[in-house]
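Next comes model.cif, with mmCIF, C-alpha atoms.
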data_entry
loop_
_atom_site.group_PDB
_atom_site.id
_atom_site.type_symbol
_atom_site.label_atom_id
_atom_site.label_comp_id
_atom_site.auth_asym_id
_atom_site.auth_seq_id
_atom_site.Cartn_x
_atom_site.Cartn_y
_atom_site.Cartn_z
ATOM 1 C CA MET A 249 15.650 -4.728 8.199
ATOM 2 C CA THR A 250 15.143 -7.014 5.245
ATOM 3 C CA LEU A 251 12.769 -5.673 2.626
ATOM 4 C CA LYS A 252 11.696 -7.326 -0.582
ATOM 5 C CA SER A 253 9.385 -6.323 -3.362
ATOM 6 C CA ILE A 254 5.660 -6.835 -2.868
ATOM 7 C CA LYS A 255 4.553 -9.507 -5.323
ATOM 8 C CA SER A 256 1.321 -10.854 -3.845
ATOM 9 C CA LYS A 257 -1.685 -9.806 -1.838
ATOM 10 C CA ASN A 258 -0.186 -11.640 1.156
ATOM 11 C CA ASP A 259 3.075 -9.679 0.799
ATOM 12 C CA PHE A 260 0.992 -6.501 0.551
ATOM 13 C CA GLU A 261 -0.972 -7.292 3.719
ATOM 14 C CA ASN A 262 2.245 -8.059 5.617
ATOM 15 C CA ALA A 263 3.793 -4.793 4.421
ATOM 16 C CA ILE A 264 0.711 -2.851 5.572
ATOM 17 C CA LYS A 265 0.896 -4.502 9.015
ATOM 18 C CA ARG A 266 4.572 -3.581 9.374
ATOM 19 C CA PHE A 267 3.884 -0.053 8.090
ATOM 20 C CA ASP A 268 1.192 0.353 10.769
ATOM 21 C CA GLU A 269 3.602 -0.877 13.446
ATOM 22 C CA LEU A 270 6.191 1.697 12.417
ATOM 23 C CA PHE A 271 3.760 4.571 11.848
ATOM 24 C CA ASN A 272 3.949 6.119 15.325
ATOM 25 C CA SER A 273 7.376 4.902 16.394
ATOM 26 C CA ALA A 274 9.746 5.359 13.449
ATOM 27 C CA GLU A 275 12.034 8.360 13.737
ATOM 28 C CA PRO A 276 13.750 10.006 10.753
ATOM 29 C CA ASN A 277 17.334 8.961 10.042
ATOM 30 C CA THR A 278 17.064 5.689 11.975
ATOM 31 C CA PRO A 279 16.876 2.145 10.623
ATOM 32 C CA GLU A 280 13.159 2.070 11.494
ATOM 33 C CA GLY A 281 12.621 5.420 9.791
ATOM 34 C CA ASP A 282 14.382 4.180 6.667
ATOM 35 C CA GLU A 283 12.294 1.001 6.720
ATOM 36 C CA PHE A 284 9.129 3.100 7.058
ATOM 37 C CA VAL A 285 10.034 5.208 4.018
ATOM 38 C CA LEU A 286 10.973 2.195 1.899
ATOM 39 C CA LEU A 287 7.811 0.333 2.897
ATOM 40 C CA SER A 288 5.682 3.328 1.951
ATOM 41 C CA GLU A 289 7.317 3.390 -1.486
ATOM 42 C CA LEU A 290 6.891 -0.360 -1.998
ATOM 43 C CA ILE A 291 3.249 -0.177 -0.903
ATOM 44 C CA GLU A 292 2.580 2.767 -3.211
ATOM 45 C CA ASP A 293 4.177 0.963 -6.160
ATOM 46 C CA TYR A 294 2.130 -2.178 -5.502
ATOM 47 C CA GLU A 295 -1.075 -0.159 -5.221
ATOM 48 C CA LEU A 296 -0.386 1.742 -8.430
ATOM 49 C CA ILE A 297 0.295 -1.433 -10.353
ATOM 50 C CA ASN A 298 -2.418 -3.629 -8.882
ATOM 51 C CA VAL A 299 -5.205 -1.646 -7.238
ATOM 52 C CA VAL A 300 -5.422 1.197 -9.747
ATOM 53 C CA LEU A 301 -5.229 -1.125 -12.752
ATOM 54 C CA GLU A 302 -7.849 -3.366 -11.177
ATOM 55 C CA ARG A 303 -10.197 -0.391 -10.848
ATOM 56 C CA LYS A 304 -9.560 0.672 -14.426
ATOM 57 C CA ASN A 305 -10.500 -2.805 -15.637
ATOM 58 C CA GLN A 306 -13.838 -2.788 -13.832
ATOM 59 C CA GLU A 307 -16.930 -1.659 -15.642
ATOM 60 C CA GLU A 308 -17.904 1.900 -14.931
ATOM 61 C CA ILE A 309 -20.763 2.210 -12.486
ATOM 62 C CA SER A 310 -23.208 4.963 -13.282
ATOM 63 C CA VAL A 311 -25.390 6.445 -10.567
ATOM 64 C CA ASP A 312 -28.011 9.085 -11.122
ATOM 65 C CA LEU A 313 -28.125 11.303 -8.047
ATOM 66 C CA ALA A 314 -31.849 11.902 -8.663
ATOM 67 C CA ASP A 315 -32.419 8.195 -7.921
ATOM 68 C CA LEU A 316 -30.894 8.489 -4.459
#

Take the structure in the file and write it out as structure tokens.
Amino acid sequence: MTLKSIKSKNDFENAIKRFDELFNSAEPNTPEGDEFVLLSELIEDYELINVVLERKNQEEISVDLADL
């Protein structure tokens, strides 16, 4: 298991793929389980820094439910 920080969208996509691979097979207290936990933390950190900030920087979209 070699993990590195997620610095790009490509790194993020690769981390998500590996996370999905481990989702149903990783057992607690195993190398795969540890990798799963660390990946989830790295993914969460990347999302908080990049995805959430990206959404905050977008203009607010206003929808009137009466128009729907």

Note to self: Taking (2.0, -7.5, -6.1) in the coordinates of the supplied file, I want to know which residues reach to within 9 Å of it, counting only C-alpha atoms; could you give the answer as an MDAnalysis selection string?
What the structure shows: chainID A and resid 253:260 293:295 297:298

Margin query: I need every residue sitting at most 9 Å from the point (2.6, 3.9, 3.1) (coordinates as in the file, all atoms listed in the file considered), written as a list in words.
Written below: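 Every polymer residue passing the test: Ala263, Ile264, Phe267, Asp268, Phe271, Phe284, Val285, Leu286, Leu287, Ser288, Glu289, Leu290, Ile291 and Glu292 of chain A.
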
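Put simply, CA of Asn277 in chain A is 23.2 Å away from CA of Asn262 in chain A.
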
Item checked: Given all atoms listed in the file as the counted atoms, nearest of A:Leu270, A:Val299, A:Glu261, A:Leu313 to Glu283 in chain A ->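 Looking at the shortest contact to Glu283 in chain A, the residue is A:Leu270.
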
Exercise on range 265-278 of chain A, axis-aligned box with 5 Å per side, report centre and edge lengths in Å to one decimal, as lines of an AutoDock Vina configuration file:
center_x = 9.1
center_y = 2.8
center_z = 12.2
size_x = 26.4
size_y = 24.5
size_z = 18.3
